[in-house]
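Structure file input_21.tsv (TSV, C-alpha atoms (C1' of nucleotides)) is printed below.
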chain	number	residue	atom	x	y	z
A	1	MET	CA	-24.05	4.31	53.71
A	2	ASN	CA	-27.26	5.33	52.01
A	3	LEU	CA	-26.97	7.32	48.82
A	4	ASP	CA	-29.95	8.97	47.19
A	5	LYS	CA	-30.28	10.06	43.58
A	6	PHE	CA	-28.71	13.44	44.32
A	7	ASP	CA	-25.63	11.84	45.84
A	8	LEU	CA	-25.25	9.59	42.82
A	9	ALA	CA	-25.75	12.53	40.46
A	10	ILE	CA	-23.05	14.47	42.32
A	11	LEU	CA	-20.66	11.51	42.05
A	12	ALA	CA	-21.40	11.16	38.35
A	13	SER	CA	-20.67	14.85	37.89
A	14	LEU	CA	-17.38	14.52	39.78
A	15	GLN	CA	-16.48	11.49	37.67
A	16	ARG	CA	-16.83	13.66	34.57
A	17	ASN	CA	-15.02	16.66	36.04
A	18	ALA	CA	-13.66	16.54	39.55
A	19	ARG	CA	-12.50	20.15	39.36
A	20	ALA	CA	-15.93	21.58	38.62
A	21	SER	CA	-17.08	24.27	41.03
A	22	LEU	CA	-19.84	23.54	43.52
A	23	SER	CA	-22.22	25.83	41.64
A	24	GLU	CA	-21.56	23.97	38.39
A	25	ILE	CA	-22.18	20.65	40.14
A	26	GLY	CA	-25.28	22.08	41.77
A	27	ALA	CA	-26.63	23.28	38.45
A	28	GLU	CA	-26.07	19.84	36.92
A	29	VAL	CA	-27.85	17.94	39.66
A	30	GLY	CA	-30.56	20.50	40.40
A	31	LEU	CA	-29.41	21.65	43.81
A	32	SER	CA	-27.74	24.76	45.17
A	33	SER	CA	-24.11	24.69	46.18
A	34	THR	CA	-24.64	24.31	49.93
A	35	PRO	CA	-26.31	20.89	49.89
A	36	CYS	CA	-23.79	19.75	47.30
A	37	TRP	CA	-20.97	20.75	49.61
A	38	ASN	CA	-22.60	18.99	52.57
A	39	ARG	CA	-23.18	15.80	50.58
A	40	ILE	CA	-19.65	15.76	49.20
A	41	LYS	CA	-18.15	16.20	52.68
A	42	ARG	CA	-20.36	13.43	54.00
A	43	MET	CA	-19.27	11.07	51.22
A	44	GLU	CA	-15.61	11.97	51.72
A	45	GLN	CA	-15.98	11.23	55.43
A	46	ALA	CA	-17.72	7.93	54.76
A	47	GLY	CA	-14.99	6.88	52.34
A	48	VAL	CA	-17.31	6.60	49.36
A	49	ILE	CA	-15.12	9.30	47.84
A	50	ARG	CA	-11.53	8.15	48.29
A	51	GLY	CA	-9.93	11.11	46.56
A	52	TYR	CA	-9.69	13.21	43.44
A	53	THR	CA	-7.20	12.55	40.71
A	54	VAL	CA	-6.15	13.63	37.27
A	55	ASP	CA	-6.46	11.58	34.09
A	56	LEU	CA	-3.16	11.89	32.23
A	57	ASP	CA	-2.10	10.82	28.75
A	58	PRO	CA	0.57	8.14	29.37
A	59	ALA	CA	2.06	8.52	25.89
A	60	GLN	CA	2.74	12.23	26.36
A	61	LEU	CA	4.49	11.42	29.62
A	62	GLY	CA	6.80	8.98	27.94
A	63	TYR	CA	4.93	5.75	28.60
A	64	GLN	CA	4.30	4.40	25.13
A	65	ASP	CA	3.38	0.87	26.12
A	66	THR	CA	1.26	-1.08	28.54
A	67	VAL	CA	2.08	-4.65	29.47
A	68	ILE	CA	-0.09	-7.13	31.31
A	69	VAL	CA	1.89	-9.73	33.23
A	70	HIS	CA	0.48	-12.95	34.65
A	71	VAL	CA	2.42	-14.36	37.56
A	72	THR	CA	2.24	-17.62	39.48
A	73	LEU	CA	4.01	-17.89	42.84
A	74	ASP	CA	5.73	-20.94	44.31
A	75	ASP	CA	3.51	-21.16	47.33
A	76	HIS	CA	0.27	-19.55	48.38
A	77	SER	CA	0.99	-18.74	52.01
A	78	GLU	CA	-0.19	-15.44	53.41
A	79	GLN	CA	3.42	-14.41	54.02
A	80	THR	CA	4.48	-14.98	50.39
A	81	LEU	CA	1.43	-13.08	49.21
A	82	TYR	CA	2.19	-10.22	51.58
A	83	GLU	CA	5.82	-9.97	50.48
A	84	PHE	CA	4.85	-10.06	46.83
A	85	GLY	CA	2.35	-7.25	47.40
A	86	ARG	CA	5.02	-5.21	49.19
A	87	ALA	CA	7.51	-5.74	46.38
A	88	LEU	CA	4.96	-4.64	43.77
A	89	ALA	CA	4.12	-1.55	45.79
A	90	ASP	CA	7.76	-0.49	45.46
A	91	ILE	CA	7.69	-0.62	41.67
A	92	PRO	CA	6.19	2.68	40.47
A	93	GLU	CA	5.46	1.35	36.99
A	94	VAL	CA	3.02	-1.21	38.42
A	95	LEU	CA	-0.36	0.46	37.99
A	96	GLU	CA	-2.68	-2.38	38.97
A	97	ALA	CA	-2.16	-5.74	40.65
A	98	TYR	CA	-4.83	-8.33	41.43
A	99	LEU	CA	-4.76	-11.64	43.23
A	100	VAL	CA	-7.13	-13.80	41.23
A	101	SER	CA	-8.75	-17.20	41.12
A	102	GLY	CA	-7.97	-19.46	38.19
A	103	ASP	CA	-4.84	-20.60	36.40
A	104	TYR	CA	-2.63	-17.66	37.21
A	105	ASP	CA	-2.25	-16.11	40.62
A	106	TYR	CA	-1.74	-12.44	39.74
A	107	TYR	CA	-2.64	-10.04	37.00
A	108	ILE	CA	-0.39	-7.03	36.88
A	109	ARG	CA	-0.64	-4.04	34.57
A	110	ILE	CA	2.52	-2.02	34.10
A	111	ALA	CA	3.34	1.16	32.18
A	112	VAL	CA	6.60	1.05	30.26
A	113	ARG	CA	8.44	3.64	28.19
A	114	ASP	CA	9.30	1.16	25.42
A	115	THR	CA	10.31	-2.47	24.94
A	116	ARG	CA	13.78	-1.81	26.33
A	117	ASP	CA	12.24	-0.33	29.45
A	118	TYR	CA	9.97	-3.37	29.70
A	119	GLU	CA	12.94	-5.73	29.50
A	120	ARG	CA	14.78	-3.71	32.15
A	121	LEU	CA	11.76	-3.70	34.45
A	122	LEU	CA	11.30	-7.43	34.23
A	123	ARG	CA	14.98	-8.24	34.71
A	124	GLU	CA	15.86	-5.64	37.33
A	125	ARG	CA	12.63	-5.47	39.31
A	126	LEU	CA	10.01	-8.12	38.77
A	127	TYR	CA	12.24	-11.18	38.40
A	128	LEU	CA	14.19	-10.23	41.51
A	129	ILE	CA	11.10	-10.81	43.62
A	130	PRO	CA	11.55	-14.23	45.25
A	131	GLY	CA	8.93	-16.92	44.87
A	132	ILE	CA	7.91	-16.40	41.24
A	133	ARG	CA	7.32	-19.77	39.61
A	134	HIS	CA	6.12	-18.63	36.24
A	135	SER	CA	5.16	-15.49	34.39
A	136	LYS	CA	3.74	-14.49	31.04
A	137	SER	CA	3.65	-11.04	29.44
A	138	SER	CA	1.15	-9.66	26.96
A	139	PHE	CA	1.72	-6.34	25.26
A	140	VAL	CA	-1.30	-4.11	24.91
A	141	LEU	CA	-1.84	-3.36	21.23
A	142	ARG	CA	-4.79	-1.06	21.76
A	143	GLN	CA	-6.88	0.21	24.65
A	144	LEU	CA	-10.51	-0.30	23.67
A	145	LYS	CA	-12.18	1.20	26.70
A	146	GLN	CA	-11.52	3.12	29.87
A	147	GLY	CA	-14.78	3.30	31.76
A	148	ARG	CA	-15.99	4.67	35.05
A	149	LEU	CA	-17.95	2.84	37.71
A	150	PRO	CA	-21.64	2.88	36.71
A	151	LEU	CA	-23.67	4.87	39.21
A	152	GLN	CA	-27.31	4.04	39.67
A	153	ARG	CA	-29.60	3.08	42.46
A	154	LYS	CA	-29.71	-0.59	43.31
A	155	ASP	CA	-33.51	-0.64	43.17
A	156	THR	CA	-33.95	0.84	39.71
B	1	MET	CA	5.26	18.71	24.46
B	2	ASN	CA	8.11	19.65	26.77
B	3	LEU	CA	7.46	19.40	30.48
B	4	ASP	CA	9.86	20.79	33.04
B	5	LYS	CA	10.17	19.82	36.69
B	6	PHE	CA	7.50	22.33	37.71
B	7	ASP	CA	4.99	20.84	35.27
B	8	LEU	CA	5.69	17.36	36.58
B	9	ALA	CA	5.42	18.56	40.18
B	10	ILE	CA	2.04	20.14	39.39
B	11	LEU	CA	0.83	16.91	37.79
B	12	ALA	CA	2.02	14.89	40.79
B	13	SER	CA	0.15	17.27	43.07
B	14	LEU	CA	-3.02	16.91	40.99
B	15	GLN	CA	-2.62	13.12	41.04
B	16	ARG	CA	-2.70	13.28	44.84
B	17	ASN	CA	-5.55	15.78	45.01
B	18	ALA	CA	-7.15	17.10	41.85
B	19	ARG	CA	-9.42	19.42	43.83
B	20	ALA	CA	-6.61	21.31	45.54
B	21	SER	CA	-6.66	25.09	45.05
B	22	LEU	CA	-4.06	26.77	42.89
B	23	SER	CA	-2.47	28.35	45.95
B	24	GLU	CA	-2.12	24.93	47.60
B	25	ILE	CA	-0.58	23.51	44.44
B	26	GLY	CA	1.66	26.54	44.15
B	27	ALA	CA	2.88	26.15	47.73
B	28	GLU	CA	3.65	22.48	47.09
B	29	VAL	CA	5.67	23.07	43.96
B	30	GLY	CA	7.28	26.37	44.97
B	31	LEU	CA	5.48	28.70	42.59
B	32	SER	CA	2.75	31.30	42.94
B	33	SER	CA	-0.75	30.53	41.75
B	34	THR	CA	-0.52	32.40	38.44
B	35	PRO	CA	2.18	30.28	36.75
B	36	CYS	CA	0.46	27.15	38.10
B	37	TRP	CA	-2.73	28.24	36.42
B	38	ASN	CA	-0.91	28.99	33.15
B	39	ARG	CA	0.88	25.65	33.16
B	40	ILE	CA	-2.27	23.69	33.95
B	41	LYS	CA	-4.19	25.40	31.15
B	42	ARG	CA	-1.30	24.69	28.77
B	43	MET	CA	-1.26	21.02	29.73
B	44	GLU	CA	-5.04	20.75	29.42
B	45	GLN	CA	-4.82	22.29	25.96
B	46	ALA	CA	-2.04	19.94	24.91
B	47	GLY	CA	-3.99	16.91	26.12
B	48	VAL	CA	-1.42	15.87	28.68
B	49	ILE	CA	-4.22	16.42	31.18
B	50	ARG	CA	-7.24	14.57	29.83
B	51	GLY	CA	-9.55	15.38	32.70
B	52	TYR	CA	-10.16	15.25	36.41
B	53	THR	CA	-11.99	12.44	38.11
B	54	VAL	CA	-12.98	11.06	41.46
B	55	ASP	CA	-11.68	7.87	43.04
B	56	LEU	CA	-14.69	6.00	44.42
B	57	ASP	CA	-14.98	2.95	46.65
B	58	PRO	CA	-16.67	0.32	44.43
B	59	ALA	CA	-17.83	-1.77	47.40
B	60	GLN	CA	-19.76	1.15	48.93
B	61	LEU	CA	-21.45	1.70	45.58
B	62	GLY	CA	-22.65	-1.87	45.44
B	63	TYR	CA	-19.89	-3.39	43.33
B	64	GLN	CA	-18.50	-6.10	45.59
B	65	ASP	CA	-16.56	-8.00	42.96
B	66	THR	CA	-14.17	-7.50	40.10
B	67	VAL	CA	-13.84	-10.03	37.32
B	68	ILE	CA	-11.16	-10.24	34.67
B	69	VAL	CA	-12.35	-11.87	31.47
B	70	HIS	CA	-10.10	-13.14	28.69
B	71	VAL	CA	-11.74	-13.31	25.31
B	72	THR	CA	-10.68	-14.75	21.96
B	73	LEU	CA	-12.57	-13.75	18.84
B	74	ASP	CA	-13.31	-15.88	15.81
B	75	ASP	CA	-11.45	-13.72	13.38
B	76	HIS	CA	-9.08	-10.81	13.67
B	77	SER	CA	-10.38	-8.49	11.01
B	78	GLU	CA	-10.54	-4.79	11.73
B	79	GLN	CA	-14.31	-4.87	11.41
B	80	THR	CA	-14.76	-7.59	14.02
B	81	LEU	CA	-12.43	-5.75	16.34
B	82	TYR	CA	-14.33	-2.52	15.80
B	83	GLU	CA	-17.69	-4.12	16.49
B	84	PHE	CA	-16.40	-5.83	19.59
B	85	GLY	CA	-15.05	-2.52	20.90
B	86	ARG	CA	-18.41	-0.87	20.21
B	87	ALA	CA	-20.28	-3.61	22.03
B	88	LEU	CA	-18.00	-3.32	25.05
B	89	ALA	CA	-18.44	0.45	25.11
B	90	ASP	CA	-22.16	-0.14	25.58
B	91	ILE	CA	-21.68	-2.25	28.70
B	92	PRO	CA	-21.25	0.17	31.62
B	93	GLU	CA	-19.78	-2.48	33.90
B	94	VAL	CA	-16.78	-2.88	31.57
B	95	LEU	CA	-14.13	-0.67	33.17
B	96	GLU	CA	-11.11	-1.57	31.06
B	97	ALA	CA	-10.64	-3.45	27.81
B	98	TYR	CA	-7.36	-4.14	26.03
B	99	LEU	CA	-6.50	-5.76	22.75
B	100	VAL	CA	-3.33	-7.72	23.49
B	101	SER	CA	-0.66	-9.86	21.92
B	102	GLY	CA	-0.35	-13.45	23.07
B	103	ASP	CA	-2.72	-16.35	23.67
B	104	TYR	CA	-5.87	-14.36	24.33
B	105	ASP	CA	-7.08	-11.47	22.27
B	106	TYR	CA	-8.68	-9.27	24.92
B	107	TYR	CA	-8.37	-8.60	28.61
B	108	ILE	CA	-11.47	-7.05	30.09
B	109	ARG	CA	-12.01	-5.92	33.65
B	110	ILE	CA	-15.59	-5.65	34.81
B	111	ALA	CA	-17.23	-4.52	38.04
B	112	VAL	CA	-20.06	-6.71	39.25
B	113	ARG	CA	-22.43	-6.43	42.21
B	114	ASP	CA	-22.13	-10.12	43.10
B	115	THR	CA	-21.82	-13.54	41.47
B	116	ARG	CA	-25.44	-13.44	40.31
B	117	ASP	CA	-24.79	-10.11	38.64
B	118	TYR	CA	-21.68	-11.57	37.03
B	119	GLU	CA	-23.66	-14.49	35.62
B	120	ARG	CA	-26.33	-12.11	34.32
B	121	LEU	CA	-23.73	-9.86	32.69
B	122	LEU	CA	-22.04	-12.72	30.92
B	123	ARG	CA	-25.26	-14.32	29.71
B	124	GLU	CA	-27.23	-11.18	28.82
B	125	ARG	CA	-24.47	-8.91	27.58
B	126	LEU	CA	-21.05	-10.38	26.88
B	127	TYR	CA	-22.11	-13.69	25.32
B	128	LEU	CA	-24.56	-11.91	23.03
B	129	ILE	CA	-21.67	-10.21	21.27
B	130	PRO	CA	-21.13	-12.13	18.04
B	131	GLY	CA	-17.74	-13.57	17.19
B	132	ILE	CA	-16.57	-14.77	20.59
B	133	ARG	CA	-14.74	-18.05	20.19
B	134	HIS	CA	-13.63	-18.59	23.74
B	135	SER	CA	-13.61	-16.81	27.08
B	136	LYS	CA	-12.27	-17.38	30.56
B	137	SER	CA	-13.19	-15.52	33.76
B	138	SER	CA	-11.04	-14.96	36.82
B	139	PHE	CA	-12.52	-13.49	39.98
B	140	VAL	CA	-10.38	-10.94	41.77
B	141	LEU	CA	-9.78	-12.15	45.31
B	142	ARG	CA	-7.83	-9.11	46.41
B	143	GLN	CA	-6.59	-5.86	44.88
B	144	LEU	CA	-2.91	-5.58	45.79
B	145	LYS	CA	-2.15	-2.22	44.23
B	146	GLN	CA	-3.72	0.76	42.54
B	147	GLY	CA	-0.94	3.01	41.39
B	148	ARG	CA	-0.55	6.26	39.50
B	149	LEU	CA	1.60	6.92	36.49
B	150	PRO	CA	5.16	7.64	37.69
B	151	LEU	CA	6.15	11.20	36.88
B	152	GLN	CA	9.78	12.01	36.44
B	153	ARG	CA	11.99	13.55	33.83
B	154	LYS	CA	13.24	11.19	31.19
B	155	ASP	CA	16.84	12.37	31.60
B	156	THR	CA	17.14	11.99	35.37
C	1	DA	C1'	9.51	32.91	31.64
C	2	DG	C1'	7.68	34.72	37.28
C	3	DT	C1'	5.57	38.03	40.86
C	4	DG	C1'	2.08	40.63	43.11
C	5	DA	C1'	-2.06	43.20	43.20
C	6	DA	C1'	-6.78	43.86	42.08
C	7	DA	C1'	-11.44	42.62	40.30
C	8	DA	C1'	-14.63	39.11	39.73
C	9	DG	C1'	-16.50	35.15	41.16
C	10	DG	C1'	-16.89	30.94	44.05
C	11	DC	C1'	-16.53	28.59	48.46
C	12	DT	C1'	-17.89	27.84	53.20
C	13	DT	C1'	-20.35	29.17	57.11
C	14	DT	C1'	-24.20	30.87	59.61
C	15	DA	C1'	-28.86	31.59	60.04
C	16	DA	C1'	-33.47	31.01	58.81
C	17	DC	C1'	-37.11	27.96	56.69
D	1	DG	C1'	-33.62	18.24	54.85
D	2	DT	C1'	-33.53	22.99	52.05
D	3	DT	C1'	-32.39	28.16	50.55
D	4	DA	C1'	-30.30	32.83	51.21
D	5	DA	C1'	-26.98	35.86	52.40
D	6	DA	C1'	-22.30	37.42	54.33
D	7	DG	C1'	-17.33	37.10	54.64
D	8	DC	C1'	-13.50	35.12	53.03
D	9	DC	C1'	-10.67	32.84	49.95
D	10	DT	C1'	-9.60	31.69	45.01
D	11	DT	C1'	-9.41	32.26	40.41
D	12	DT	C1'	-8.17	35.05	36.71
D	13	DT	C1'	-6.45	39.16	34.54
D	14	DC	C1'	-3.09	42.65	34.15
D	15	DA	C1'	0.90	45.49	34.87
D	16	DC	C1'	5.64	45.04	35.92
D	17	DT	C1'	10.26	42.54	36.62

Give the structure from this file in structure tokens form.
Amino acid sequence: MNLDKFDLAILASLQRNARASLSEIGAEVGLSSTPCWNRIKRMEQAGVIRGYTVDLDPAQLGYQDTVIVHVTLDDHSEQTLYEFGRALADIPEVLEAYLVSGDYDYYIRIAVRDTRDYERLLRERLYLIPGIRHSKSSFVLRQLKQGRLPLQRKDT
Amino acid sequence: MNLDKFDLAILASLQRNARASLSEIGAEVGLSSTPCWNRIKRMEQAGVIRGYTVDLDPAQLGYQDTVIVHVTLDDHSEQTLYEFGRALADIPEVLEAYLVSGDYDYYIRIAVRDTRDYERLLRERLYLIPGIRHSKSSFVLRQLKQGRLPLQRKDT
DNA sequence: AGTGAAAAGGCTTTAAC
DNA sequence: GTTAAAGCCTTTTCACT
């Protein structure tokens, strides 16, 4: 899908505030609300826009800690991978999970209420998944950055 | 801040669709639009709601790959940490950065257009940051999960 | 606290450029 | 592709429970 500078400006505006009104967005990007609406619908249809969500403060919702877990599986068959993905999908505290190249097979980021909750999660959920050969946890001491996808034209 | 089941239901609704109207949210949670509006404003004020954003498809915006970089710094002084955080903040492709316990000091997730872009980023941006002792990159082969913070009462 | 109504404003469509 | 205008729906306030 081809996106011009107005589309990218609209996306950047939505990244900053997805609940802004169409006239606010239009004023930001230099367009009236009608073309903004048309462009947004087009991008939703095309799947460039996957949805709109809210940025919440984990600490105020009881999640004091973030843990990054590295996991290696016993074998690398498609079936094992699939089952591992399914098992992770069932654990609500798992916020991100990546299959990666390199020493470890998976990087998983989980939100935990505290260290007790972390211990419970590992014992009662993660370690019950069959096929885990090895895992290593790192507690997040500080989040240094939470960025948004940079939006600019490829040819600039 | 104390959140009751209605607050949590409103947040869950906003997680699913942050652009829903107040009447839609109200219908979902079993309230009229007025108390929904009041509760949302209260949660925005309190910082539970940090903002509203859009979920975009990175591939359609030209970012085909995700790389996770582990970085160790030369020393662990607060000043070095601060400067490293500042430098990362200036790199738009850095989407997440965590200071962690364990073998490595930082986990960084970056969005790259392709392997050439990755090489450029490392050489022209990341490796120019002073104080890096060691780093290791892992390419993401597949994203297995992208979850949202679980929202439920602590006492249930 | 919540509801419902009313005013103000914004969204979405149609039509015209 | 754009803008302008019309009708409708939503947001927001307010009075009342």

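Closest approach to B:Leu56 from the set A:Leu149, A:Ser21, A:Tyr82, A:Leu31 is made by A:Leu149, with distances taken over only C-alpha atoms.
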
Take chain B, superimpose it onto chain A by least squares using every C-alpha atom paired in sequence order, and output the result as a compact mmCIF listing (two decimals) with C-alpha atoms, keeping the file's coordinate frame.
# COMPACT_ATOMS: atom_id res chain seq x y z
CA MET B 1 -24.11 4.31 53.73
CA ASN B 2 -27.32 5.33 52.01
CA LEU B 3 -27.00 7.34 48.83
CA ASP B 4 -29.98 8.99 47.19
CA LYS B 5 -30.31 10.09 43.58
CA PHE B 6 -28.75 13.48 44.34
CA ASP B 7 -25.65 11.85 45.84
CA LEU B 8 -25.28 9.63 42.81
CA ALA B 9 -25.79 12.58 40.46
CA ILE B 10 -23.07 14.51 42.32
CA LEU B 11 -20.69 11.55 42.05
CA ALA B 12 -21.44 11.20 38.33
CA SER B 13 -20.71 14.89 37.88
CA LEU B 14 -17.41 14.55 39.76
CA GLN B 15 -16.52 11.51 37.64
CA ARG B 16 -16.88 13.70 34.55
CA ASN B 17 -15.07 16.68 36.04
CA ALA B 18 -13.69 16.54 39.56
CA ARG B 19 -12.54 20.16 39.37
CA ALA B 20 -15.97 21.61 38.67
CA SER B 21 -17.14 24.29 41.11
CA LEU B 22 -19.92 23.56 43.56
CA SER B 23 -22.25 25.90 41.68
CA GLU B 24 -21.60 24.02 38.43
CA ILE B 25 -22.25 20.70 40.16
CA GLY B 26 -25.33 22.15 41.80
CA ALA B 27 -26.71 23.36 38.47
CA GLU B 28 -26.14 19.92 36.96
CA VAL B 29 -27.91 18.02 39.69
CA GLY B 30 -30.62 20.58 40.45
CA LEU B 31 -29.48 21.71 43.88
CA SER B 32 -27.82 24.82 45.26
CA SER B 33 -24.17 24.76 46.20
CA THR B 34 -24.67 24.35 49.95
CA PRO B 35 -26.33 20.90 49.95
CA CYS B 36 -23.80 19.77 47.32
CA TRP B 37 -21.01 20.78 49.63
CA ASN B 38 -22.64 19.00 52.59
CA ARG B 39 -23.20 15.82 50.61
CA ILE B 40 -19.67 15.78 49.22
CA LYS B 41 -18.16 16.24 52.67
CA ARG B 42 -20.39 13.45 53.99
CA MET B 43 -19.30 11.11 51.22
CA GLU B 44 -15.64 11.99 51.71
CA GLN B 45 -16.01 11.26 55.42
CA ALA B 46 -17.72 7.94 54.75
CA GLY B 47 -15.00 6.90 52.31
CA VAL B 48 -17.32 6.61 49.35
CA ILE B 49 -15.13 9.31 47.83
CA ARG B 50 -11.55 8.16 48.28
CA GLY B 51 -9.94 11.10 46.54
CA TYR B 52 -9.70 13.20 43.43
CA THR B 53 -7.22 12.54 40.68
CA VAL B 54 -6.17 13.60 37.23
CA ASP B 55 -6.48 11.54 34.07
CA LEU B 56 -3.17 11.84 32.21
CA ASP B 57 -2.10 10.77 28.74
CA PRO B 58 0.58 8.11 29.36
CA ALA B 59 2.07 8.47 25.86
CA GLN B 60 2.75 12.20 26.35
CA LEU B 61 4.48 11.39 29.62
CA GLY B 62 6.82 8.95 27.94
CA TYR B 63 4.95 5.72 28.61
CA GLN B 64 4.33 4.37 25.13
CA ASP B 65 3.41 0.84 26.11
CA THR B 66 1.29 -1.11 28.53
CA VAL B 67 2.11 -4.67 29.47
CA ILE B 68 -0.07 -7.15 31.31
CA VAL B 69 1.92 -9.74 33.23
CA HIS B 70 0.51 -12.96 34.65
CA VAL B 71 2.45 -14.36 37.56
CA THR B 72 2.27 -17.63 39.49
CA LEU B 73 4.02 -17.90 42.83
CA ASP B 74 5.73 -20.93 44.30
CA ASP B 75 3.51 -21.18 47.30
CA HIS B 76 0.29 -19.56 48.38
CA SER B 77 1.00 -18.76 51.99
CA GLU B 78 -0.16 -15.45 53.39
CA GLN B 79 3.43 -14.42 53.99
CA THR B 80 4.50 -14.98 50.39
CA LEU B 81 1.47 -13.09 49.20
CA TYR B 82 2.22 -10.24 51.58
CA GLU B 83 5.84 -9.99 50.48
CA PHE B 84 4.89 -10.08 46.84
CA GLY B 85 2.38 -7.26 47.38
CA ARG B 86 5.05 -5.23 49.18
CA ALA B 87 7.53 -5.75 46.38
CA LEU B 88 5.00 -4.67 43.77
CA ALA B 89 4.14 -1.57 45.79
CA ASP B 90 7.78 -0.53 45.46
CA ILE B 91 7.72 -0.65 41.66
CA PRO B 92 6.21 2.65 40.47
CA GLU B 93 5.49 1.33 36.99
CA VAL B 94 3.05 -1.24 38.42
CA LEU B 95 -0.33 0.45 38.00
CA GLU B 96 -2.65 -2.39 38.98
CA ALA B 97 -2.13 -5.75 40.64
CA TYR B 98 -4.80 -8.33 41.43
CA LEU B 99 -4.73 -11.64 43.22
CA VAL B 100 -7.12 -13.82 41.23
CA SER B 101 -8.75 -17.21 41.13
CA GLY B 102 -7.96 -19.48 38.21
CA ASP B 103 -4.83 -20.61 36.39
CA TYR B 104 -2.61 -17.66 37.22
CA ASP B 105 -2.23 -16.12 40.62
CA TYR B 106 -1.73 -12.46 39.74
CA TYR B 107 -2.62 -10.07 36.98
CA ILE B 108 -0.38 -7.04 36.89
CA ARG B 109 -0.61 -4.07 34.57
CA ILE B 110 2.54 -2.04 34.10
CA ALA B 111 3.37 1.12 32.17
CA VAL B 112 6.63 1.01 30.27
CA ARG B 113 8.46 3.61 28.18
CA ASP B 114 9.32 1.13 25.42
CA THR B 115 10.34 -2.50 24.92
CA ARG B 116 13.82 -1.83 26.31
CA ASP B 117 12.26 -0.37 29.43
CA TYR B 118 10.00 -3.40 29.68
CA GLU B 119 12.97 -5.76 29.50
CA ARG B 120 14.81 -3.72 32.14
CA LEU B 121 11.78 -3.72 34.45
CA LEU B 122 11.33 -7.45 34.22
CA ARG B 123 15.01 -8.26 34.70
CA GLU B 124 15.89 -5.65 37.33
CA ARG B 125 12.67 -5.48 39.31
CA LEU B 126 10.03 -8.14 38.76
CA TYR B 127 12.29 -11.19 38.40
CA LEU B 128 14.22 -10.22 41.52
CA ILE B 129 11.12 -10.81 43.62
CA PRO B 130 11.58 -14.21 45.24
CA GLY B 131 8.97 -16.92 44.83
CA ILE B 132 7.93 -16.41 41.22
CA ARG B 133 7.36 -19.78 39.61
CA HIS B 134 6.14 -18.66 36.23
CA SER B 135 5.19 -15.50 34.39
CA LYS B 136 3.77 -14.52 31.03
CA SER B 137 3.69 -11.05 29.44
CA SER B 138 1.18 -9.70 26.96
CA PHE B 139 1.76 -6.37 25.25
CA VAL B 140 -1.28 -4.15 24.90
CA LEU B 141 -1.79 -3.38 21.23
CA ARG B 142 -4.75 -1.09 21.74
CA GLN B 143 -6.84 0.19 24.64
CA LEU B 144 -10.48 -0.33 23.66
CA LYS B 145 -12.15 1.18 26.69
CA GLN B 146 -11.51 3.11 29.86
CA GLY B 147 -14.75 3.30 31.75
CA ARG B 148 -16.01 4.68 35.04
CA LEU B 149 -17.94 2.86 37.70
CA PRO B 150 -21.64 2.87 36.72
CA LEU B 151 -23.68 4.86 39.20
CA GLN B 152 -27.31 4.04 39.64
CA ARG B 153 -29.63 3.09 42.43
CA LYS B 154 -29.75 -0.57 43.25
CA ASP B 155 -33.56 -0.64 43.17
CA THR B 156 -34.09 0.99 39.78

Within 9 Å of chain B, which residues belong to chain D? Use all atoms listed in the file and report them as a short mmCIF file (atom, residue, chain, number, x, y, z; two decimals) with C-alpha atoms (C1' of nucleotides), keeping the file's coordinate frame.
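Below you can see part-v8.cif, which holds the result:
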data_model
loop_
_atom_site.label_atom_id
_atom_site.label_comp_id
_atom_site.auth_asym_id
_atom_site.auth_seq_id
_atom_site.Cartn_x
_atom_site.Cartn_y
_atom_site.Cartn_z
"C1'" DT D 10 -9.60 31.69 45.01
"C1'" DT D 11 -9.41 32.26 40.41
"C1'" DT D 12 -8.17 35.05 36.71
#

What residues in chain A have any atom no more than 8 Å from chain B when counting only C-alpha atoms, and can you write them as a PyMOL selection string? chain A and resi 1+11+14-19+47-58+60-62+85+88-89+92-102+111+137-151+154

Show me, as a PyMOL selection string, every residue of chain C with an atom at most 10 Å from chain A, counting all atoms listed in the file. chain C and resi 10-13

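Near A:Pro130, within 9 Å and counting all atoms listed in the file, sit A:Leu73, A:Asp74, A:Thr80, A:Glu83, A:Phe84; same-chain residues fewer than 4 positions away were not included.
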
Considering all atoms listed in the file, return as a PyMOL selection string whatever protein or nucleic-acid residues lie within 10 Å of C:DA5, sequence-local ones (same chain, fewer than 2 positions apart) excluded. (chain C and resi 3+7) or (chain D and resi 14-15)

To one decimal place, how far is atom CA of A:Leu126 from atom CA of A:Val69 in Å?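 Atom-to-atom, atom CA of A:Leu126 to atom CA of A:Val69, that is 10.0 Å.
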
Hey, can you check how far atom CA of B:Gly131 sits from atom CA of B:Tyr118? 20.3 Å

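Rounded to one decimal, atom CA of B:Asp65 and atom CA of B:Glu119 lie 12.1 Å from each other.
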